[in-house]
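Chemist: Take a look at this one; I'll ask things after.
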2 protein chains.
Amino acid sequence: MLWRIDPAGDDALYAQLVAQVHLAVARGELAAGDRLPAARELAGSLDLNVHTVLKAYQRLRDEGLIELRRGRGAVVTARAEADLPPVERALAALVRAARAANLSAETTAVLVREAMNR
Amino acid sequence: MLWRIDPAGDDALYAQLVAQVHLAVARGELAAGDRLPAARELAGSLDLNVHTVLKAYQRLRDEGLIELRRGRGAVVTARAEADLPPVERALAALVRAARAANLSAETTAVLVREAMNR
DNA sequence: CACTTGTTATAGTTGAGATAGAACAAGTAA
DNA sequence: TTACTTGTTCTATCTCAACTATAACAAGTG
């Protein structure tokens, strides 16, 4: 998969990594059983610290998207292949509406989090 | 309107204020021409600093949701009433899809922020 | 005019994020 | 077994956005 990380962006680096994996799974670029690069390797190629990558991996594990095993690495779970395409479509629609309303990324994200917690 | 701020939440306080106003407008609790509390007053009742409230008000102004005038305060614009309902609909659709896919509020929020910044 | 309210400036505190280096533990593979 | 891979844990440091605190200033209200 392709990794696009923006060190100058508003999002935390580890959060960008997490989102990239979600996108890749939603697009079918990552399937259950596929393996992510080793943390040290990915950190090296993206010029990030190992801990930053591991924080992303650990969050992905907490979300049930991947499994982590020493010696084996990070493997995409079957659960991850759940209906993410519908999420992608809804996401695109929201982005369009939010842009039309001139909302910032931060504001839109907060609106989503509050709506989810309701 | 009702203000629900969580100092221990993941979101910045000013961002929560911004989201609250969006929700109030979308729900019809705030209409064009309505006035928000004075910054010093709201800060006092919510036990926040004036600058935190003002940062929220200024972001709302940047988004075209309110107008700010010295001596008069913060007034909801007509544009706010027109642009927010579509956002609310898209928001509801996303929440449904995200719940169906078992995504957490945090994950969904990050996905939105990433999608907005692309 | 007195008063309200947003604007601007300066400064200190706090916590999350990121970096760095090192040792440790569990699994893989020859 | 042995060598290697890879995640886990720990300590420490640095930076920056968010928040707080005070205070003066400017524009509009009544």
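Residue numbers start at 1 in each chain; chains themselves are named A, B, ... in the order of the structure tokens; ligands are numbered from 1 in the order shown.
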As number ranges by chain, could you give me every residue of chain B near chain D (at most 8 Å apart, counting only C-alpha atoms (C1' of nucleotides))?
Modeler: B: 12, 49, 52, 69-72
Chemist: Computed after least-squares fitting of chain A to chain B on all C-alpha atoms in order, what is the RMSD in Å?
Modeler: 1.4 Å
Chemist: Taking a cut-off of 10 Å and counting only C-alpha atoms (C1' of nucleotides), can you build a table that, for each residue of chain C near chain A, reports the nearest atom pair and how far apart they are in Å (one decimal), sorted by chain then residue number, as JSON lines?
Modeler:
```
{"residue": "C:DA16", "atom": "C1'", "partner": "A:Ala12", "partner_atom": "CA", "distance": 9.7}
{"residue": "C:DG17", "atom": "C1'", "partner": "A:Ala12", "partner_atom": "CA", "distance": 7.1}
{"residue": "C:DA18", "atom": "C1'", "partner": "A:Thr52", "partner_atom": "CA", "distance": 7.0}
{"residue": "C:DT19", "atom": "C1'", "partner": "A:Asn49", "partner_atom": "CA", "distance": 6.4}
{"residue": "C:DA20", "atom": "C1'", "partner": "A:Asn49", "partner_atom": "CA", "distance": 8.4}
{"residue": "C:DA25", "atom": "C1'", "partner": "A:Arg70", "partner_atom": "CA", "distance": 8.3}
{"residue": "C:DA26", "atom": "C1'", "partner": "A:Arg70", "partner_atom": "CA", "distance": 5.6}
{"residue": "C:DG27", "atom": "C1'", "partner": "A:Gly71", "partner_atom": "CA", "distance": 4.6}
{"residue": "C:DT28", "atom": "C1'", "partner": "A:Gly71", "partner_atom": "CA", "distance": 6.2}
```
Chemist: Produce a file of the selected residues containing N, CA and C atoms (P, O5', C5', C4', C3', O3' and C1' of nucleotides), as an mmCIF file, in the first residue's frame.
Modeler:
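Written output follows (again_16.cif):
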```cif
data_model
loop_
_atom_site.group_PDB
_atom_site.id
_atom_site.type_symbol
_atom_site.label_atom_id
_atom_site.label_comp_id
_atom_site.auth_asym_id
_atom_site.auth_seq_id
_atom_site.Cartn_x
_atom_site.Cartn_y
_atom_site.Cartn_z
ATOM 1 P P DA C 16 -2.173 14.268 28.360
ATOM 2 O "O5'" DA C 16 -2.019 14.236 26.774
ATOM 3 C "C5'" DA C 16 -2.861 15.076 25.987
ATOM 4 C "C4'" DA C 16 -2.260 15.262 24.616
ATOM 5 C "C3'" DA C 16 -1.858 13.956 23.938
ATOM 6 O "O3'" DA C 16 -2.184 14.033 22.560
ATOM 7 C "C1'" DA C 16 0.054 15.346 24.194
ATOM 8 P P DG C 17 -1.951 12.741 21.617
ATOM 9 O "O5'" DG C 17 -0.611 13.119 20.836
ATOM 10 C "C5'" DG C 17 -0.525 14.369 20.175
ATOM 11 C "C4'" DG C 17 0.878 14.592 19.680
ATOM 12 C "C3'" DG C 17 1.493 13.405 18.929
ATOM 13 O "O3'" DG C 17 1.945 13.851 17.662
ATOM 14 C "C1'" DG C 17 2.980 14.211 20.582
ATOM 15 P P DA C 18 2.461 12.757 16.582
ATOM 16 O "O5'" DA C 18 4.037 12.753 16.752
ATOM 17 C "C5'" DA C 18 4.759 13.959 16.537
ATOM 18 C "C4'" DA C 18 6.162 13.804 17.050
ATOM 19 C "C3'" DA C 18 6.915 12.552 16.576
ATOM 20 O "O3'" DA C 18 7.908 12.917 15.639
ATOM 21 C "C1'" DA C 18 7.338 13.074 18.874
ATOM 22 P P DT C 19 8.883 11.784 15.015
ATOM 23 O "O5'" DT C 19 10.152 11.831 15.991
ATOM 24 C "C5'" DT C 19 10.860 13.048 16.198
ATOM 25 C "C4'" DT C 19 11.873 12.873 17.308
ATOM 26 C "C3'" DT C 19 12.859 11.717 17.101
ATOM 27 O "O3'" DT C 19 14.140 12.224 16.767
ATOM 28 C "C1'" DT C 19 12.045 11.837 19.360
ATOM 29 P P DA C 20 15.261 11.242 16.193
ATOM 30 O "O5'" DA C 20 15.849 10.593 17.524
ATOM 31 C "C5'" DA C 20 16.381 11.419 18.553
ATOM 32 C "C4'" DA C 20 16.880 10.559 19.702
ATOM 33 C "C3'" DA C 20 17.502 9.222 19.275
ATOM 34 O "O3'" DA C 20 18.894 9.235 19.568
ATOM 35 C "C1'" DA C 20 16.045 8.973 21.163
ATOM 36 P P DA C 25 12.505 -10.512 29.893
ATOM 37 O "O5'" DA C 25 11.455 -10.773 28.722
ATOM 38 C "C5'" DA C 25 10.231 -10.052 28.720
ATOM 39 C "C4'" DA C 25 9.343 -10.534 27.582
ATOM 40 C "C3'" DA C 25 9.260 -12.050 27.453
ATOM 41 O "O3'" DA C 25 7.954 -12.389 27.002
ATOM 42 C "C1'" DA C 25 10.160 -11.155 25.478
ATOM 43 P P DA C 26 7.369 -13.863 27.261
ATOM 44 O "O5'" DA C 26 6.886 -14.272 25.811
ATOM 45 C "C5'" DA C 26 5.985 -13.416 25.129
ATOM 46 C "C4'" DA C 26 6.121 -13.605 23.638
ATOM 47 C "C3'" DA C 26 6.039 -15.061 23.170
ATOM 48 O "O3'" DA C 26 5.161 -15.122 22.060
ATOM 49 C "C1'" DA C 26 7.921 -14.022 22.245
ATOM 50 P P DG C 27 4.335 -16.498 21.779
ATOM 51 O "O5'" DG C 27 4.723 -16.857 20.268
ATOM 52 C "C5'" DG C 27 4.343 -15.957 19.252
ATOM 53 C "C4'" DG C 27 5.445 -15.824 18.233
ATOM 54 C "C3'" DG C 27 5.708 -17.083 17.406
ATOM 55 O "O3'" DG C 27 5.092 -16.962 16.135
ATOM 56 C "C1'" DG C 27 7.714 -15.893 17.970
ATOM 57 P P DT C 28 5.269 -18.164 15.073
ATOM 58 O "O5'" DT C 28 6.653 -17.813 14.368
ATOM 59 C "C5'" DT C 28 6.801 -16.569 13.700
ATOM 60 C "C4'" DT C 28 8.074 -16.578 12.856
ATOM 61 C "C3'" DT C 28 8.225 -17.802 11.965
ATOM 62 O "O3'" DT C 28 8.657 -17.375 10.678
ATOM 63 C "C1'" DT C 28 10.143 -17.573 13.342
#
```
Chemist: Could you tell me which of B:Arg40, B:Arg59, B:Arg113, B:Arg79 comes closest to chain A if we count only C-alpha atoms?
Modeler: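 Among the listed residues, B:Arg113 lies closest to chain A.
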Chemist: I need the residues in range 11-104 of chain B that are strand (DSSP E or B) according to DSSP; give them as an mmCIF file with N, CA and C atoms, in the first residue's frame.
Modeler:
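And here is the file that came out, part19.cif:
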```cif
data_model
loop_
_atom_site.group_PDB
_atom_site.id
_atom_site.type_symbol
_atom_site.label_atom_id
_atom_site.label_comp_id
_atom_site.auth_asym_id
_atom_site.auth_seq_id
_atom_site.Cartn_x
_atom_site.Cartn_y
_atom_site.Cartn_z
ATOM 1 N N ARG B 35 -28.701 35.918 19.290
ATOM 2 C CA ARG B 35 -27.415 36.363 19.817
ATOM 3 C C ARG B 35 -26.857 35.364 20.823
ATOM 4 N N LEU B 36 -25.563 35.108 20.711
ATOM 5 C CA LEU B 36 -24.887 34.253 21.687
ATOM 6 C C LEU B 36 -24.526 35.084 22.909
ATOM 7 N N ILE B 66 -21.454 33.080 12.436
ATOM 8 C CA ILE B 66 -21.885 34.230 13.238
ATOM 9 C C ILE B 66 -21.162 35.492 12.774
ATOM 10 N N GLU B 67 -21.687 36.616 13.214
ATOM 11 C CA GLU B 67 -21.010 37.892 12.993
ATOM 12 C C GLU B 67 -20.631 38.455 14.347
ATOM 13 N N LEU B 68 -19.465 39.067 14.417
ATOM 14 C CA LEU B 68 -18.995 39.636 15.681
ATOM 15 C C LEU B 68 -18.879 41.154 15.553
ATOM 16 N N ARG B 69 -19.507 41.858 16.484
ATOM 17 C CA ARG B 69 -19.412 43.318 16.523
ATOM 18 C C ARG B 69 -19.183 43.766 17.961
ATOM 19 N N GLY B 73 -21.988 42.021 20.219
ATOM 20 C CA GLY B 73 -21.833 40.601 20.513
ATOM 21 C C GLY B 73 -21.833 39.714 19.291
ATOM 22 N N ALA B 74 -22.192 38.448 19.484
ATOM 23 C CA ALA B 74 -22.150 37.424 18.429
ATOM 24 C C ALA B 74 -23.556 37.091 17.965
ATOM 25 N N VAL B 75 -23.808 37.306 16.679
ATOM 26 C CA VAL B 75 -25.148 37.107 16.120
ATOM 27 C C VAL B 75 -25.119 36.056 15.014
ATOM 28 N N VAL B 76 -26.044 35.108 15.069
ATOM 29 C CA VAL B 76 -26.128 34.033 14.068
ATOM 30 C C VAL B 76 -26.513 34.604 12.711
#
```
Chemist: Pull out every residue of chain B that has at least one atom within 6 Å of chain A, counting only C-alpha atoms, and report them as a ChimeraX atom specification.
Modeler: /B:19,63,83,87,90,94,97-98,101,105,109,111-113,116
Chemist: Here is a test: counting only C-alpha atoms, which residue of A:Val21, A:Arg27, A:Ile5, A:Arg61 is nearest to Leu46 in chain A?
Modeler: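 Nearest to Leu46 in chain A: A:Ile5.
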Chemist: Rounded to one decimal in Å, what is the spacing between CA of Ala24 in chain B and CA of Leu2 in chain B?
Modeler: 8.3 Å
